[in-house]
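Asks: My questions all concern the structure below.
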Amino acid sequence: MRWMERNFDFQKMAMMGIPEMHIDPTKNRWRYYVDTSYYGGMLDKAHEDFYRYVMLYPALAYFFFFVWARIKDSTVALLCGRMLLPRVLI
């Protein structure tokens with residue numbers, strides 16, 4: 001059924017001209033050098049760089065602040081504080 005193989009094999013038609021994935025990782029290095037934002041234009045590249053290099057640090061800072069605030073609000077901090085205090089023998 002050659003007509004079915006040619007007409008309904010979407011992966012084969014969508015990946016026309018793209019090398020197959022190889023079991024040797026050194027032969028798959030071409031995938032890391034493809035710049036997909038090049039097709040979107042200058043603003044696409046500018047937005048990608050802005051969010052990758054500029055907004056990464058405030059987002060990480062907010063995440064760690066949120067985790068720290070939740071630890072301080074919960075009883076985990078009190079429990080750890082009690083375990084770290086020296087015990088006085090009576």
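Scheme for the structure tokens: letters A, B, ... for chains in order shown; per-chain residue numbers from 1; ligand numbers from 1 in order shown.
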List every residue of stretch 12-84 of chain A that DSSP, applied to the backbone of this structure, places in helix (DSSP H, G or I), and write the result as a ChimeraX atom specification.

Replies: /A:12-14,25-33,36-40,42-54,56-73,76-84
